[in-house]
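Structure first, then comments.
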There are 4 protein chains.
Amino acid sequence: MGRFDELKERVYRCNMEIPKRGLALYTWGNVSAYDRALGAVAIKPSGVSYDALKSSDIVVMDIDGNVLEGALNPSSDTKTHLVLYRNFSSVGGIVHTHSTYAVGWAQSCQPLTIYGTTHADHLVHDVPCTAVMDDAKISGDYEEETGNQILECFRNLSFEEIEMVLVACHGPFTWGATPEKAIYNAVVLEELAKMAVITRTVRADTPSLKKTLRDKHYFRKHGANAYYGQAR
Amino acid sequence: MGRFDELKERVYRCNMEIPKRGLALYTWGNVSAYDRALGAVAIKPSGVSYDALKSSDIVVMDIDGNVLEGALNPSSDTKTHLVLYRNFSSVGGIVHTHSTYAVGWAQSCQPLTIYGTTHADHLVHDVPCTAVMDDAKISGDYEEETGNQILECFRNLSFEEIEMVLVACHGPFTWGATPEKAIYNAVVLEELAKMAVITRTVRADTPSLKKTLRDKHYFRKHGANAYYGQAR
Amino acid sequence: MGRFDELKERVYRCNMEIPKRGLALYTWGNVSAYDRALGAVAIKPSGVSYDALKSSDIVVMDIDGNVLEGALNPSSDTKTHLVLYRNFSSVGGIVHTHSTYAVGWAQSCQPLTIYGTTHADHLVHDVPCTAVMDDAKISGDYEEETGNQILECFRNLSFEEIEMVLVACHGPFTWGATPEKAIYNAVVLEELAKMAVITRTVRADTPSLKKTLRDKHYFRKHGANAYYGQAR
Amino acid sequence: MGRFDELKERVYRCNMEIPKRGLALYTWGNVSAYDRALGAVAIKPSGVSYDALKSSDIVVMDIDGNVLEGALNPSSDTKTHLVLYRNFSSVGGIVHTHSTYAVGWAQSCQPLTIYGTTHADHLVHDVPCTAVMDDAKISGDYEEETGNQILECFRNLSFEEIEMVLVACHGPFTWGATPEKAIYNAVVLEELAKMAVITRTVRADTPSLKKTLRDKHYFRKHGANAYYGQAR
């Protein structure tokens with residue numbers, strides 16, 4: 001068994017959550033994982049449909065993007081993933097999809113308002129939306145600059161408290177300590193976007209959730225005083 | 001066979017309706033039942049996914065929350081369930097979900113308008129929406145206070161005529177004489193919310209259903225003169 | 001084999017289209033057929049879920065509602081069906097559902113605007129919406145009066161050209177020469193309602209389809225000069 | 001094996017994508033292919049449901065519509081397909097559906113705004129919407145004129161860069177070098193329409209995507225400098 005086989009199998013299984021959870025059509029999404037001990041980033045190959053995808057197709061590279069194993073081209077979004085891994089020190093998995101409601105909201109170039117406790121169970125802020133990329137960057141190294149746009153957006157935000165972002169005019173990126181957590185966050189973001197669209201339709205001027213309720217729900221599930229689940 | 005086995009199996013089966021009916025993602029919902037003769041409340045354990053859930057995982061406790069059987073932590077919403085069981089004397093089942101349309105509406109902090117006979121087949125009022133909890137209560141015993149918010153909201157309403165509520169900024173709770181009725185009500189509430197969103201989209205100033213039609217539909221199905229179904 | 005067995009089996013199969021096509025939850029819909037040669041109306045029993053429904057459960061009655069065969073109570077909407085069969089001379093099947101978009105639109109108490117050719121492939125008018133029933137009728141023979149509301153609504157319309165109606169505040173009824181056509185029309189109406197909601201969302205002041213396009217599409221499929229399909 | 005068997009099988013399989021992808025109810029869609037070497041256009045027969053459709057039912061004709069093989073009437077939209085094949089020189093497949101969101105938008109008689117990169121991955125313009133057909137054409141050769149409306153709409157547009165159109169008041173037509181590409185484009189258009197409806201709901205005055213971002217995404221996937229996928 002090869003040294004990357006376990007990592008590739010895991011990334012394969014997380015990629016297969018994309019069609020299972022309805023997060024993207026055809027090839028429009030990708031999951032990667034970064035095993036910092038191995039120094040290996042594994043990611044979906046570019047343009048391969050989920051139906052055809054095999055564990056052995058997963059591309060493995062080092063943190064600079066040099067391919068260590070794999071015969072296929074990696075995802076065209078690879079450089080965005082690498083920028084985030086280099087800067088978000090504890091992140092072990094990243095997901096990019098074109099899920100319908102998250103994209104619909106990202107196209108509005110607005111942050112996703114925190115309207116309720118479903119949102120606050122996962123983060124206490126609006127889901128941030130990056131600035132629209134300026135033309136110099138677009139004509140430069142676009143995928144790397146997409147990563148930089150996200151970094152810029154998180155200059156005063158914690159990537160560990162907010163594990164998701166809307167790239168303006170584009171769509172969602174999510175992450176987490178593991179690729180499984182990153183794909184979970186991709187499902188969460190799509191659901192939060194759908195709920196928020198409904199809330200705006202019902203009442204356009206709905207205020208965002210007050211801080212005390214945000215914190216209450218978040219800290220039920222996160223941090224030293226969490227009391228949700230079985231893990232203690 | 002243990003004395004709680006039948007109750008646990010029943011609560012297990014009702015919890016499995018949550019994913020089957022599309023009422024919640026991952027672990028975001030729970031069903032409990034209260035067997036008043038046995039003095040036993042059975043509820044889903046906290047943070048266990050429906051895929052992994054087994055009948056033997058169901059936690060049994062007395063009405064004060066002392067565990068009678070079960071190795072896992074009960075749902076983090078347990079105290080809310082217990083408050084309702086203590087005060088809603090004939091209720092035998094309670095459901096909490098994060099179903100998409102009911103949450104979307106609850107986030108608007110408005111009652112769910114009664115627009116038609118589908119609604120009136122089940123209740124003759126708007127589905128009430130609680131007040132937003134004040135900060136003192138949030139920092140107190142939050143889940144118990146969530147129950148108290150519902151009680152406060154029902155001060156002048158009948159919990160037997162209205163078996164559902166929207167907790168402002170949060171989402172739906174439903175109940176009934178049995179856990180099967182409570183889960184039925186959770187499905188109904190999600191559908192009523194979706195229908196009402198459509199009605200508002202079509203015509204923002206649609207009036208609510210007039211009283212005579214409300215009563216006609218409700219009393220076709222409920223009370224001494226009901227003539228719907230086979231049960232007479 | 002009983003003289004009504006074929007009719008009952010056919011009505012059973014058409015009722016099972018309701019859950020298959022997602023037209024109603026639980027027991028919220030019913031299909032009937034009228035075999036004018038046999039003098040027999042067959043309809044779903046009241047309050048029986050589609051999961052549990054059997055062909056032998058279908059209730060058979062004469063056109064005045066006297067039961068000819070069947071141990072169960074017929075649908076609580078039976079009198080509405082009978083009024084329509086007595087007055088719509090060529091109708092052989094009727095469907096009532098609580099499909100989500102058709103109900104959402106009916107609750108707005110507006111006719112369903114004809115916006116496009118999908119609509120005109122089936123009828124050249126808005127889908128009419130009845131008046132809201134007055135209180136005297138509601139407190140009278142409600143289900144019979146629901147039929148009368150539909151008749152009143154069709155006073156200047158052809159029930160053979162328009163095989164569907166929205167009952168204000170309530171939901172859709174559809175019909176046709178056969179129960180299979182009636183259930184087809186129920187599916188069509190739900191889809192037309194969903195499409196029209198989208199059109200209104202995109203452009204609130206969208207005009208309705210002009211007459212020449214309505215007629216062109218309708219008469220491609222209907223009447224002496226139809227040229228759609230294989231039936232010539 | 002007949003000389004058209006492979007073409008018919010291929011067109012059959014593409015037609016079966018319509019129900020699989022949820023692009024149309026009943027018989028409301030059709031796929032054709034044009035094998036220019038064989039001089040043969042193959043298309044779905046009119047009014048045959050996808051459940052009943054067999055490869056042997058596919059109708060084969062020459063570019064003028066003379067039937068070469070097949071016992072059934074071809075799709076009533078055949079003349080529209082033929083007009084496009086005669087004028088769009090490199091097109092090998094055409095799809096017409098009544099998919100819900102694309103129809104909902106087409107009924108608004110507006111082009112489908114390009115709001116984001118999902119759209120720009122496929123085309124750099126709004127999806128054009130034809131003019132509403134004038135009455136003289138409607139009463140003439142309607143299906144041929146539908147093709148002419150599309151040609152008129154593309155007078156200053158490239159059918160190779162924009163492989164989709166909304167026919168005003170009607171619905172989508174898509175095409176491509178192959179029938180597989182055409183059906184892919186039909187799925188894409190439905191998803192773009194749904195995303196755009198969400199974007200308008202969130203923010204009615206959302207601007208369309210700026211040119212630099214349009215071009216960046218399009219040319220990642222198309223043309224000499226494309227770097228998406230495995231095909232180089």
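Just so we're on the same page: first chain in the structure tokens is A, next is B, and so on; residues restart at 1 for each chain, and ligands are numbered from 1 in the order they show up.
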Per residue of chain C within 9 Å of chain D, which atom pair is closest and at what distance in Å (one decimal), using only C-alpha atoms, listed by chain and increasing number, as JSON lines?
{"residue": "C:Tyr115", "atom": "CA", "partner": "D:Gln107", "partner_atom": "CA", "distance": 5.8}
{"residue": "C:Gly116", "atom": "CA", "partner": "D:Cys169", "partner_atom": "CA", "distance": 4.6}
{"residue": "C:Thr117", "atom": "CA", "partner": "D:His170", "partner_atom": "CA", "distance": 5.1}
{"residue": "C:Thr118", "atom": "CA", "partner": "D:His170", "partner_atom": "CA", "distance": 6.9}
{"residue": "C:Tyr184", "atom": "CA", "partner": "D:Tyr26", "partner_atom": "CA", "distance": 8.9}
{"residue": "C:Val187", "atom": "CA", "partner": "D:Leu25", "partner_atom": "CA", "distance": 8.6}
{"residue": "C:Val188", "atom": "CA", "partner": "D:Leu25", "partner_atom": "CA", "distance": 8.4}
{"residue": "C:Glu191", "atom": "CA", "partner": "D:Thr100", "partner_atom": "CA", "distance": 7.5}
{"residue": "C:Leu192", "atom": "CA", "partner": "D:Thr100", "partner_atom": "CA", "distance": 8.8}
{"residue": "C:Lys194", "atom": "CA", "partner": "D:Thr100", "partner_atom": "CA", "distance": 7.5}
{"residue": "C:Met195", "atom": "CA", "partner": "D:Gly104", "partner_atom": "CA", "distance": 4.6}
{"residue": "C:Ala196", "atom": "CA", "partner": "D:Gly104", "partner_atom": "CA", "distance": 6.3}
{"residue": "C:Val197", "atom": "CA", "partner": "D:Gly104", "partner_atom": "CA", "distance": 7.7}
{"residue": "C:Ile198", "atom": "CA", "partner": "D:Gly104", "partner_atom": "CA", "distance": 5.1}
{"residue": "C:Thr199", "atom": "CA", "partner": "D:Gly104", "partner_atom": "CA", "distance": 4.7}
{"residue": "C:Arg200", "atom": "CA", "partner": "D:Ser108", "partner_atom": "CA", "distance": 7.8}
{"residue": "C:Thr201", "atom": "CA", "partner": "D:Val197", "partner_atom": "CA", "distance": 7.2}
{"residue": "C:Val202", "atom": "CA", "partner": "D:Val197", "partner_atom": "CA", "distance": 6.4}
{"residue": "C:Arg203", "atom": "CA", "partner": "D:Ser108", "partner_atom": "CA", "distance": 6.0}
{"residue": "C:Ala204", "atom": "CA", "partner": "D:Ser108", "partner_atom": "CA", "distance": 8.7}
{"residue": "C:Asp205", "atom": "CA", "partner": "D:Ser108", "partner_atom": "CA", "distance": 8.7}
{"residue": "C:Thr206", "atom": "CA", "partner": "D:Ser108", "partner_atom": "CA", "distance": 5.6}
{"residue": "C:Pro207", "atom": "CA", "partner": "D:Ser108", "partner_atom": "CA", "distance": 8.0}
{"residue": "C:Ser208", "atom": "CA", "partner": "D:Gln107", "partner_atom": "CA", "distance": 8.8}
{"residue": "C:Leu209", "atom": "CA", "partner": "D:Cys169", "partner_atom": "CA", "distance": 6.9}
{"residue": "C:Thr212", "atom": "CA", "partner": "D:Asp135", "partner_atom": "CA", "distance": 6.4}
{"residue": "C:Leu213", "atom": "CA", "partner": "D:Ile138", "partner_atom": "CA", "distance": 6.9}
{"residue": "C:Lys216", "atom": "CA", "partner": "D:Ile138", "partner_atom": "CA", "distance": 7.0}
{"residue": "C:Arg220", "atom": "CA", "partner": "D:Ser76", "partner_atom": "CA", "distance": 8.6}
{"residue": "C:Tyr227", "atom": "CA", "partner": "D:Ser76", "partner_atom": "CA", "distance": 7.2}
{"residue": "C:Tyr228", "atom": "CA", "partner": "D:Ser76", "partner_atom": "CA", "distance": 5.7}
{"residue": "C:Gly229", "atom": "CA", "partner": "D:Gly47", "partner_atom": "CA", "distance": 4.1}
{"residue": "C:Gln230", "atom": "CA", "partner": "D:Asn73", "partner_atom": "CA", "distance": 6.0}
Query raised in the report: Between CA of Tyr218 in chain B and CA of His96 in chain B, what is the spacing in Å?
Result: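 Taking CA of His96 in chain B and CA of Tyr218 in chain B, their separation equals 24.0 Å.
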Report task. Just list the residues in range 13-224 of chain B DSSP gives alpha helix (DSSP H) on the backbone, as a PyMOL selection string. Result -> chain B and resi 13-20+78-87+100-106+117-120+135-138+142-153+179-202+211-221
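When CA of Lys181 in chain C is paired with CA of Pro172 in chain D, their separation reads 26.2 Å.
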Report task. Using only C-alpha atoms, determine which residues lie at most 9 Å from Gly176 in chain A, disregarding the query and same-chain residues fewer than 4 positions distant; provide the list as a list in words. Result ->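 Here the qualifying residues turn out to be Ser90, Val91, Gly92, Gly93, Ile94, Phe159, Glu160, Glu163, Met164, Glu180, Lys181, Ala182, Ile183, Tyr184 and Asn185 of chain A.
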Query - Distance in Å - CA of Phe88 in chain C versus CA of His217 in chain B - result: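 Interatomic distance, CA of Phe88 in chain C to CA of His217 in chain B: 26.0 Å.
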